[in-house]
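One structure is given below, encoded as structure tokens.
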Amino acid sequence: MAHKPKPDRTDAVIIGAGASGAAAAKVLTEHGLRVVALEKGPWRKKESFGGDELANINRYNLWPDPLTNPRTHRTSASEEAKVNLFCPVPQMVGGGTVHWQGWLPRFTPNDFRLRTIVGELPGTTLVDWPITYDDLEPYYTKVEWAFGVSGQAGANKFEGTRSRSYPCPPLPMSRYAQKFHEGCRNLGYNSFPTPQAALSRSFNGRKRTVISAFAQQHGDPTGTRSSALNVFVPDALATGRYDLRPDCYVHEITVDEQGRAKGVVYQDTDGDFIEQEADVVIVACGAVETARLLLLSRSGRFPNGLANGSDLVGRNVTFHEYSAAIGLFDDPIYAWAGGGYVSASSFEFYEHDDKRGHASGGLRRAQCLGCEQGQP
Ligand SMILES: Cc1cc2nc3c(=O)[nH]c(=O)nc-3n(C[C@H](O)[C@H](O)[C@H](O)COP(=O)(O)OP(=O)(O)OC[C@H]3O[C@@H](n4cnc5c(N)ncnc54)[C@H](O)[C@@H]3O)c2cc1C
């Protein structure tokens, strides 16, 4: 192993440069802090995105490669865990936002107090959030305005109070969104244009270009869709205080004599192990990898891993749950045309209702099935 000098201590080290890590980097650097970001994946530029389905799906250009970085998955403790592409969020600078669609409806005020609304649910660990919708509202607004979200304020009648409208009007409506709105209207349901982190007009120096839903899902070479990669990362870099190190895999969070996080040990592009110390350590690796890193950072003092006094770290992970209904129409739907492959939604069945026999509800949305399967 080559000898490399230990890097200077910094104000904050952030593990992960995805949605939350890059957002934290923007905020901290803009407030004058020096930030080192360690990202296990590459730093792709827009030229490497596009509709190459073989590269993106078969060769894991965007998704985590299960050969080099396998994840195992089981649904109960008695089951044998199997390698599975569970939660295939891109692991690279920009994280999940590199191939997200960018739907950004807000949580409703009741989402923050579901335990109070639903009551005790045996076999669950359901609790209210320690913050309310009103606490979070200014930050929803900041993100919507940083990303140039396209939407229609007030259209979702279940949404909480907002301090500002959307920066851009809704994206053009697709034919199937029109059908969805029409159907909801006939049934007396509220529906609204799905707010999306994609520009319906030029915004903040960024141009709107027409992109297909397919291209969006495979990384967006046009920059029309907003992401951590094309918004938060450049904003943080512009301060001159963001030292972003791609291809650097953090193996462990180190602690001082008081048991407080003092830095991280990571493996750099050459495979060398380096210790980076910082006043503050921020773990922003996504749900699965954050839990894994905390559990791997165990010591005599923390035998169950870090921040795991509850023994809940790494348990009860969930991913999107989907159910679907399919409609056939006499007239053509032109699924490829319009603002993204989901452009209309309804929260009509979103709030908890005791009569339904399950906790909480779900979002209904008009979706082009062909696009979900990657067919433009
Ligand atoms: C197909 C798909 C579509 C989605 N669409 C939407 C949508 O429309 N709207 C929406 O709100 N959400 C969407 N999401 C979810 C959204 O992408 C995630 O919720 C979000 O990216 C999570 O942010 P995060 O910062 O927690 O993690 P991530 O964005 O996953 O970032 C974590 C980063 O940490 C890095 N990392 C992990 N471990 C280490 C380590 N040990 N050392 C160094 N770096 C590490 C990873 O490489 C990654 O880049 C979608 C997700 C998927 C998979």
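Convention: chains lettered A, B, ... in structure tokens order; per-chain residue numbering from 1; ligands numbered from 1 as shown.
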
Residues of chain A that have any atom at most 7 Å from an atom of ligand 1: could you tabulate them with the shortest-distance atom pair and the distance in Å to one decimal, using only C-alpha atoms and all ligand atoms, ordered by chain and increasing number, as a tab-separated table?
```
residue	atom	partner	partner_atom_place_in_ligand_line	distance
A:Ile15	CA	ligand 1	43 (C)	5.1
A:Gly16	CA	ligand 1	34 (O)	3.3
A:Ala17	CA	ligand 1	33 (C)	5.1
A:Gly18	CA	ligand 1	31 (O)	3.3
A:Ala19	CA	ligand 1	25 (O)	3.8
A:Ser20	CA	ligand 1	25 (O)	3.6
A:Gly21	CA	ligand 1	25 (O)	5.4
A:Leu38	CA	ligand 1	43 (C)	5.2
A:Glu39	CA	ligand 1	44 (N)	3.8
A:Lys40	CA	ligand 1	44 (N)	3.9
A:Gly41	CA	ligand 1	47 (O)	5.0
A:Cys87	CA	ligand 1	53 (C)	5.9
A:Pro88	CA	ligand 1	53 (C)	5.2
A:Val89	CA	ligand 1	53 (C)	4.2
A:Pro90	CA	ligand 1	49 (O)	6.3
A:Gln91	CA	ligand 1	47 (O)	3.1
A:Met92	CA	ligand 1	49 (O)	4.2
A:Val93	CA	ligand 1	49 (O)	5.2
A:Gly94	CA	ligand 1	49 (O)	5.8
A:Gly95	CA	ligand 1	49 (O)	3.5
A:Gly96	CA	ligand 1	21 (O)	3.4
A:Thr97	CA	ligand 1	17 (O)	4.9
A:His99	CA	ligand 1	1 (C)	6.4
A:Trp100	CA	ligand 1	5 (N)	3.9
A:Gln101	CA	ligand 1	8 (O)	4.0
A:Gly102	CA	ligand 1	8 (O)	3.7
A:Trp103	CA	ligand 1	8 (O)	3.8
A:Leu104	CA	ligand 1	11 (O)	5.3
A:Cys248	CA	ligand 1	43 (C)	5.9
A:Tyr249	CA	ligand 1	42 (N)	4.0
A:Val250	CA	ligand 1	42 (N)	3.8
A:His251	CA	ligand 1	41 (N)	5.8
A:Ala284	CA	ligand 1	25 (O)	5.3
A:Cys285	CA	ligand 1	34 (O)	3.4
A:Gly286	CA	ligand 1	27 (O)	3.3
A:Ala287	CA	ligand 1	26 (O)	5.8
A:Glu289	CA	ligand 1	38 (N)	4.7
A:Thr290	CA	ligand 1	38 (N)	6.4
A:Leu293	CA	ligand 1	41 (N)	6.0
```

Among range 195-320 of chain A, which ones does DSSP assign to strand (DSSP E) (computed from the backbone)? Answer as a PyMOL selection string. chain A and resi 242-245+249-255+261-267+273-283

Residue with smallest distance to Ile131 in chain A - pool A:His73, A:Arg208, A:Arg241, A:Arg113, counting only C-alpha atoms: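 Closest residue, counting only C-alpha atoms: A:Arg113.
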
Do you have, as a Markdown table, the list of residues of range 338-365 of chain A lying at most 8 Å from range 181-190 of chain A, each with its nearest atom pair and that distance in Å to one decimal, counting only C-alpha atoms and ordered by chain then number?
```
| residue | atom | partner | partner_atom | distance |
| --- | --- | --- | --- | --- |
| A:Ala344 | CA | A:His181 | CA | 7.1 |
| A:Ser346 | CA | A:Asn190 | CA | 6.1 |
| A:Phe347 | CA | A:Asn190 | CA | 7.3 |
| A:Glu348 | CA | A:Tyr189 | CA | 6.1 |
```

Looking at only C-alpha atoms, which of A:Asp111, A:Asp8, A:Phe49, A:Val118 is the one that sits closest to Lys355 in chain A?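 Of the candidates, the smallest distance to Lys355 in chain A is held by A:Val118.
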
Quick one: everything within 7 Å of Arg34 in chain A, counting only C-alpha atoms, minus sequence neighbours fewer than 2 positions away in the same chain. Send it as a list of chain:residue names. A:Thr10, A:Asp11, A:Ala12, A:Thr29, A:Gly32, A:Val36, A:Arg241, A:Tyr242

For a quick check of understanding, using only C-alpha atoms, which of A:Val317, A:Ala324, A:Leu312, A:Asn58 has the smallest distance to Ser76 in chain A?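 Under the stated criterion, the closest residue is A:Val317.
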
CA of Ala81 in chain A to CA of Tyr266 in chain A: how many Å, to one decimal? 27.3 Å

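Note that the spacing between CA of Val127 in chain A and CA of Gly362 in chain A amounts to 18.7 Å.
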
Select, from A:Glu257, A:Glu159, A:Glu47, A:Asp243, the residue with the minimum atom-to-atom distance to Tyr133 in chain A, counting only C-alpha atoms.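 Closest residue, counting only C-alpha atoms: A:Glu159.
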
Do a neighbour search on Glu351 in chain A at 9 Å with only C-alpha atoms, toss out local chain neighbours closer than 6 positions, and write the hits as a PyMOL selection string. chain A and resi 108+110-111+158+360-362

Please dump the current selection as a short mmCIF file (atom, residue, chain, number, x, y, z; two decimals), in the first residue's frame; keep all heavy atoms.
```cif
data_model
loop_
_atom_site.label_atom_id
_atom_site.label_comp_id
_atom_site.auth_asym_id
_atom_site.auth_seq_id
_atom_site.Cartn_x
_atom_site.Cartn_y
_atom_site.Cartn_z
N THR A 108 -48.56 14.87 3.93
CA THR A 108 -49.63 15.69 4.51
C THR A 108 -49.36 15.86 6.01
O THR A 108 -48.59 15.09 6.60
CB THR A 108 -51.01 15.01 4.33
OG1 THR A 108 -51.05 13.84 5.12
CG2 THR A 108 -51.28 14.67 2.87
N ASN A 110 -51.00 14.97 8.49
CA ASN A 110 -51.32 13.76 9.25
C ASN A 110 -50.23 12.69 9.15
O ASN A 110 -50.15 11.81 10.01
CB ASN A 110 -52.66 13.17 8.81
CG ASN A 110 -53.82 13.94 9.39
OD1 ASN A 110 -53.65 14.70 10.35
ND2 ASN A 110 -55.01 13.76 8.82
N ASP A 111 -49.42 12.72 8.10
CA ASP A 111 -48.33 11.74 7.99
C ASP A 111 -47.39 11.83 9.18
O ASP A 111 -46.73 10.85 9.53
CB ASP A 111 -47.51 11.99 6.71
CG ASP A 111 -48.22 11.46 5.48
OD1 ASP A 111 -48.87 10.41 5.57
OD2 ASP A 111 -48.12 12.11 4.42
N PHE A 158 -55.72 17.94 -0.23
CA PHE A 158 -55.28 17.30 1.02
C PHE A 158 -53.94 17.85 1.51
O PHE A 158 -53.47 17.49 2.58
CB PHE A 158 -55.18 15.78 0.83
CG PHE A 158 -56.51 15.16 0.49
CD1 PHE A 158 -56.89 15.00 -0.83
CD2 PHE A 158 -57.39 14.78 1.49
CE1 PHE A 158 -58.12 14.45 -1.15
CE2 PHE A 158 -58.63 14.23 1.18
CZ PHE A 158 -59.00 14.06 -0.15
N SER A 360 -53.25 3.93 7.33
CA SER A 360 -52.91 4.91 6.30
C SER A 360 -53.56 4.55 4.96
O SER A 360 -54.48 3.73 4.89
CB SER A 360 -51.39 5.04 6.18
OG SER A 360 -51.07 6.17 5.44
N GLY A 361 -53.07 5.19 3.90
CA GLY A 361 -53.68 4.97 2.59
C GLY A 361 -52.63 5.01 1.51
O GLY A 361 -51.49 4.65 1.75
N GLY A 362 -53.00 5.47 0.34
CA GLY A 362 -52.02 5.48 -0.74
C GLY A 362 -52.35 6.52 -1.79
O GLY A 362 -53.48 7.00 -1.88
#
```

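CA of Gly223 in chain A is positioned 17.7 Å from CA of Pro169 in chain A.
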
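Nearest residue to Pro130 in chain A among A:Ala261, A:Leu62, A:Leu114, A:Ala307 is A:Leu114, counting only C-alpha atoms.
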
Could you go through range 234-338 of chain A and tell me which residues DSSP, when run on the backbone, assigns to helix (DSSP H, G or I), listing them as a list of chain:residue names?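 Of range 234-338 of chain A, the ones in helix (DSSP H, G or I) are A:Pro234, A:Asp235, A:Ala236, A:Leu237, A:Gly286, A:Ala287, A:Val288, A:Glu289, A:Thr290, A:Ala291, A:Arg292, A:Leu293, A:Leu294, A:Leu295, A:Leu296.
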
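Shortest atom-to-atom contact with Arg364 in chain A among A:Pro170, A:Pro193, A:Gly148, A:Pro122: A:Pro193, counting only C-alpha atoms.
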
Please identify all polymer residues within 10 Å of Pro70 in chain A, counting only C-alpha atoms, omitting same-chain residues fewer than 3 positions from it, and present them as a list in words.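 Non-adjacent residues within range: Pro64, Asp65, Pro66, Leu67, His73, Lys82, Val83, Asn84, Leu85 and Phe86 of chain A.
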
Keeping N, CA, C and O atoms for every residue in the selection just given, could you write it to a file as an mmCIF file, in the first residue's frame?
```cif
data_model
loop_
_atom_site.group_PDB
_atom_site.id
_atom_site.type_symbol
_atom_site.label_atom_id
_atom_site.label_comp_id
_atom_site.auth_asym_id
_atom_site.auth_seq_id
_atom_site.Cartn_x
_atom_site.Cartn_y
_atom_site.Cartn_z
ATOM 1 N N PRO A 64 -26.939 -0.413 -8.883
ATOM 2 C CA PRO A 64 -25.831 -1.089 -8.198
ATOM 3 C C PRO A 64 -25.595 -2.475 -8.812
ATOM 4 O O PRO A 64 -26.557 -3.196 -9.094
ATOM 5 N N ASP A 65 -24.350 -2.830 -9.031
ATOM 6 C CA ASP A 65 -24.013 -4.101 -9.666
ATOM 7 C C ASP A 65 -24.035 -5.230 -8.624
ATOM 8 O O ASP A 65 -23.229 -5.242 -7.700
ATOM 9 N N PRO A 66 -24.959 -6.198 -8.781
ATOM 10 C CA PRO A 66 -25.060 -7.245 -7.761
ATOM 11 C C PRO A 66 -23.865 -8.200 -7.765
ATOM 12 O O PRO A 66 -23.696 -8.968 -6.824
ATOM 13 N N LEU A 67 -23.020 -8.151 -8.823
ATOM 14 C CA LEU A 67 -21.841 -9.019 -8.828
ATOM 15 C C LEU A 67 -20.727 -8.418 -7.972
ATOM 16 O O LEU A 67 -20.092 -9.105 -7.170
ATOM 17 N N HIS A 73 -31.439 -10.343 0.607
ATOM 18 C CA HIS A 73 -32.757 -9.869 0.997
ATOM 19 C C HIS A 73 -33.587 -11.057 1.451
ATOM 20 O O HIS A 73 -33.498 -12.143 0.892
ATOM 21 N N LYS A 82 -31.305 -14.200 -0.005
ATOM 22 C CA LYS A 82 -30.822 -14.431 -1.379
ATOM 23 C C LYS A 82 -30.322 -13.122 -1.973
ATOM 24 O O LYS A 82 -30.841 -12.047 -1.662
ATOM 25 N N VAL A 83 -29.326 -13.231 -2.864
ATOM 26 C CA VAL A 83 -28.853 -12.026 -3.552
ATOM 27 C C VAL A 83 -29.986 -11.499 -4.420
ATOM 28 O O VAL A 83 -30.636 -12.258 -5.137
ATOM 29 N N ASN A 84 -30.224 -10.215 -4.310
ATOM 30 C CA ASN A 84 -31.388 -9.626 -4.952
ATOM 31 C C ASN A 84 -31.089 -8.163 -5.240
ATOM 32 O O ASN A 84 -30.412 -7.501 -4.466
ATOM 33 N N LEU A 85 -31.604 -7.672 -6.359
ATOM 34 C CA LEU A 85 -31.390 -6.259 -6.688
ATOM 35 C C LEU A 85 -32.396 -5.424 -5.890
ATOM 36 O O LEU A 85 -33.209 -4.697 -6.448
ATOM 37 N N PHE A 86 -32.360 -5.554 -4.585
ATOM 38 C CA PHE A 86 -33.344 -4.881 -3.730
ATOM 39 C C PHE A 86 -33.023 -3.391 -3.651
ATOM 40 O O PHE A 86 -31.887 -3.007 -3.375
#
```
